[in-house]
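Undergrad: Could you have a look at this structure, given as structure tokens, before my questions?
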Amino acid sequence: MDVRGRHLRLLTETIEAVNSTLDLQEVLSLVATKVADALHTDACFVYLYDERADELVLRATHGTPIDEMSRRPRMRPGEGITGSAAAARTPVMLESEAHLDPRFKNFPNLPEDEYQSILAVPILTRDGTLEGALNVRTREPRTFADDEVELLLAIAAQVAQSIEHAKLYAEAQRRVHELEALARISEAVQDSLYLEESLEAIVKTTMDALGATGAALVLDDGRIAWPEGVASTH
């Protein structure tokens, strides 16, 4: 199979993988693994753009376990090599000694300096909205060919759509969860004949619905309705 045919197959396989789930974290983890496999790299880091904080947050890796990190790495667009690719909306490639580049941003719990080369690309929607960025890295110096850069850009474009779909699904699930909680609260209030029971039912149901460790409902007269009548630090 020629290089073009191989890249088409890899693109198809990656698209099928990331479209196999609507769970955002699973999508990003699949991207990291599939992209590293597709380009035969030692590592892949996938950043998701947090628009409210204006930061790129590392959400998935291949080659470096993210679960072992004490603090999740994050950077603003324009910071670091990957942040530079995101800000410029264009690929950035360094063939060797990437950690010596003045744009390199060091994270104490992310051993990126063990890699020689880096190819970073933005993750953009069709209208140019920034959804994140990803990079691939190798321990040995490497020059990525033009068709490899195009392959990574094509994958990133598909990933942007998958992220959008996953976000919409997560938002829909959140709304369903909220409506179910409201229904449970309404039911709890209707089932209680006394004010104190109703208030405690509201607090307890709200706490359960949000997965909170505690909650309180404060009345106009300053009294507090505690779940099960037990006060806590929450």
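Labels for the structure tokens follow display order: chains A, B, ..., residues from 1 in each chain, ligands from 1.
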For the strand (DSSP E or B) assignment from backbone DSSP, which residues of range 2-172 of chain A qualify? Please present them as a ChimeraX atom specification.
TA: /A:43-50,55-62,74-75,92-94,107,110,117-124,130-138
Undergrad: Set the distance at 8 Å and use only C-alpha atoms: which residues neighbour Leu153 in chain A once local chain neighbours fewer than 3 positions away are removed? I'd like the list as a PyMOL selection string.
TA: chain A and resi 121-123+149-150+156-157
Undergrad: Take the residues just selected and output them with C-alpha atoms as a PDB file, in the first residue's frame.
TA:
ATOM      1  CA  VAL A 121      -1.523  21.450  15.450  1.00  0.00           C
ATOM      2  CA  PRO A 122      -4.645  23.348  16.516  1.00  0.00           C
ATOM      3  CA  ILE A 123      -7.996  21.604  16.814  1.00  0.00           C
ATOM      4  CA  VAL A 149       1.282  17.154   8.715  1.00  0.00           C
ATOM      5  CA  GLU A 150      -1.792  17.079   6.463  1.00  0.00           C
ATOM      6  CA  ALA A 156      -7.651  17.317  14.244  1.00  0.00           C
ATOM      7  CA  ALA A 157     -10.521  18.658  12.109  1.00  0.00           C
TER       8      ALA A 157
END
Undergrad: From the options A:Pro65, A:Leu39, A:Leu119, A:Val92, which residue's atoms come nearest to Arg6 in chain A, counting only C-alpha atoms?
TA: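 Looking only at the distances to Arg6 in chain A, the closest residue turns out to be A:Leu39.
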Undergrad: Please extract the residues of range 190-219 of chain A with a backbone DSSP assignment of alpha helix (DSSP H) and present them as a PyMOL selection string.
TA: chain A and resi 190-191+195-210
Undergrad: Which is closer to Pro111 in chain A than all the others in A:Ala201, A:Ala43, A:Leu30, A:Leu124, using only C-alpha atoms?
TA: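 Using only C-alpha atoms, Pro111 in chain A sits closest to A:Ala43.
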Undergrad: Which neighbours of Glu79 in chain A fall inside 9 Å, counting only C-alpha atoms, when residues of the same chain fewer than 3 positions from it are skipped, and could you give them as a ChimeraX atom specification?
TA: /A:75-76,82-84,87,103-105
Undergrad: For those residues, write C-alpha atoms to a file as a compact mmCIF listing (two decimals), in the first residue's frame.
TA:
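Heads up, here's the output in out.txt:
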# COMPACT_ATOMS: atom_id res chain seq x y z
CA MET A 75 -1.34 27.07 29.18
CA ARG A 76 -2.83 30.06 27.43
CA THR A 82 1.49 23.77 21.37
CA GLY A 83 -0.04 27.02 22.57
CA SER A 84 1.75 28.81 19.74
CA ALA A 87 -2.86 30.88 18.74
CA ARG A 103 8.71 28.97 23.13
CA PHE A 104 9.04 25.74 25.11
CA LYS A 105 7.00 25.75 28.33
Undergrad: Rounded to one decimal place, report the CA of Asp23 in chain A-CA of Ala212 in chain A distance in Å.
TA: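 One can read the CA of Asp23 in chain A to CA of Ala212 in chain A distance as 22.6 Å.
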Undergrad: Show which residues sit within 10 Å of Arg59 in chain A, as a list in words. Count only C-alpha atoms, and ignore same-chain residues fewer than 3 positions away.
TA: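 In the requested form, the answer reads Leu24, Gln25, Leu28, Ser29, Ala32, Phe45, Val46, Tyr47, Leu48, Tyr49, Leu56, Ile66, Asp67, Arg72, Pro73, Arg74 and Gly132 of chain A.
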Undergrad: Would you write out those residues with N, CA, C and O atoms, as a compact mmCIF listing (two decimals), in the first residue's frame?
TA:
# COMPACT_ATOMS: atom_id res chain seq x y z
N LEU A 24 -16.76 12.51 26.34
CA LEU A 24 -15.69 13.42 25.93
C LEU A 24 -14.31 12.91 26.33
O LEU A 24 -13.38 12.93 25.53
N GLN A 25 -14.16 12.46 27.58
CA GLN A 25 -12.86 11.98 28.03
C GLN A 25 -12.42 10.76 27.24
O GLN A 25 -11.24 10.60 26.90
N LEU A 28 -11.13 11.89 23.83
CA LEU A 28 -9.79 12.46 23.88
C LEU A 28 -8.73 11.39 24.12
O LEU A 28 -7.63 11.45 23.54
N SER A 29 -9.03 10.40 24.95
CA SER A 29 -8.08 9.32 25.21
C SER A 29 -7.86 8.49 23.95
O SER A 29 -6.72 8.09 23.64
N ALA A 32 -5.58 10.42 21.54
CA ALA A 32 -4.16 10.37 21.91
C ALA A 32 -3.52 9.05 21.46
O ALA A 32 -2.42 9.04 20.89
N PHE A 45 -0.09 14.34 23.09
CA PHE A 45 -0.74 15.10 24.15
C PHE A 45 -1.93 15.86 23.54
O PHE A 45 -1.77 16.55 22.53
N VAL A 46 -3.09 15.71 24.15
CA VAL A 46 -4.30 16.36 23.64
C VAL A 46 -4.78 17.40 24.66
O VAL A 46 -5.05 17.07 25.82
N TYR A 47 -4.86 18.63 24.21
CA TYR A 47 -5.32 19.73 25.05
C TYR A 47 -6.72 20.16 24.62
O TYR A 47 -7.02 20.24 23.43
N LEU A 48 -7.57 20.47 25.60
CA LEU A 48 -8.90 20.98 25.33
C LEU A 48 -8.94 22.44 25.74
O LEU A 48 -8.41 22.81 26.79
N TYR A 49 -9.56 23.26 24.90
CA TYR A 49 -9.60 24.70 25.18
C TYR A 49 -10.74 25.03 26.13
O TYR A 49 -11.90 24.71 25.87
N LEU A 56 -5.59 26.31 27.52
CA LEU A 56 -5.54 24.96 26.98
C LEU A 56 -5.19 24.03 28.13
O LEU A 56 -4.17 24.20 28.79
N ILE A 66 -1.41 10.57 32.48
CA ILE A 66 -1.89 11.83 33.04
C ILE A 66 -2.40 11.66 34.46
O ILE A 66 -2.40 12.59 35.26
N ASP A 67 -2.83 10.45 34.83
CA ASP A 67 -3.39 10.22 36.16
C ASP A 67 -2.38 10.41 37.27
O ASP A 67 -2.73 10.65 38.42
N ARG A 72 -2.84 19.24 36.71
CA ARG A 72 -3.04 19.12 35.27
C ARG A 72 -2.41 20.31 34.54
O ARG A 72 -2.78 21.46 34.79
N PRO A 73 -1.46 20.07 33.63
CA PRO A 73 -0.82 21.17 32.91
C PRO A 73 -1.83 21.98 32.10
O PRO A 73 -2.76 21.42 31.51
N ARG A 74 -1.62 23.27 32.08
CA ARG A 74 -2.48 24.16 31.31
C ARG A 74 -1.66 25.35 30.83
O ARG A 74 -0.67 25.73 31.46
N GLY A 132 -9.17 23.17 20.84
CA GLY A 132 -8.04 22.61 21.57
C GLY A 132 -6.81 22.56 20.69
O GLY A 132 -6.71 23.29 19.69
Undergrad: So that each row is one residue of range 195-224 of chain A with an atom at most 7 Å from range 174-187 of chain A, can you give its shortest atom pair and the distance in Å to one decimal, using only C-alpha atoms, rows by chain and rising number, as a tab-separated table?
TA:
residue	atom	partner	partner_atom	distance
A:Ile202	CA	A:Ile185	CA	5.6
A:Thr205	CA	A:Ile185	CA	6.0
A:Thr206	CA	A:Ala181	CA	7.0
A:Ala209	CA	A:Ala181	CA	5.5
Undergrad: Pick the closest to Ile155 in chain A from A:His62, A:Arg71, A:His7, A:Lys167: which is it, counting only C-alpha atoms?
TA: A:His7
Undergrad: Can you tell me how far CA of Gly211 in chain A sits from CA of Asn19 in chain A, in Å to one decimal?
TA: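 Spanning CA of Gly211 in chain A to CA of Asn19 in chain A is a straight-line distance of 29.3 Å.
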Undergrad: Could you check the closest approach to Ala160 in chain A for each of A:Arg137, A:Lys204, A:Arg142, A:Arg126 and tell me which residue wins, using only C-alpha atoms?
TA: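 Once distances to Ala160 in chain A are computed over only C-alpha atoms, the minimum belongs to A:Arg126.
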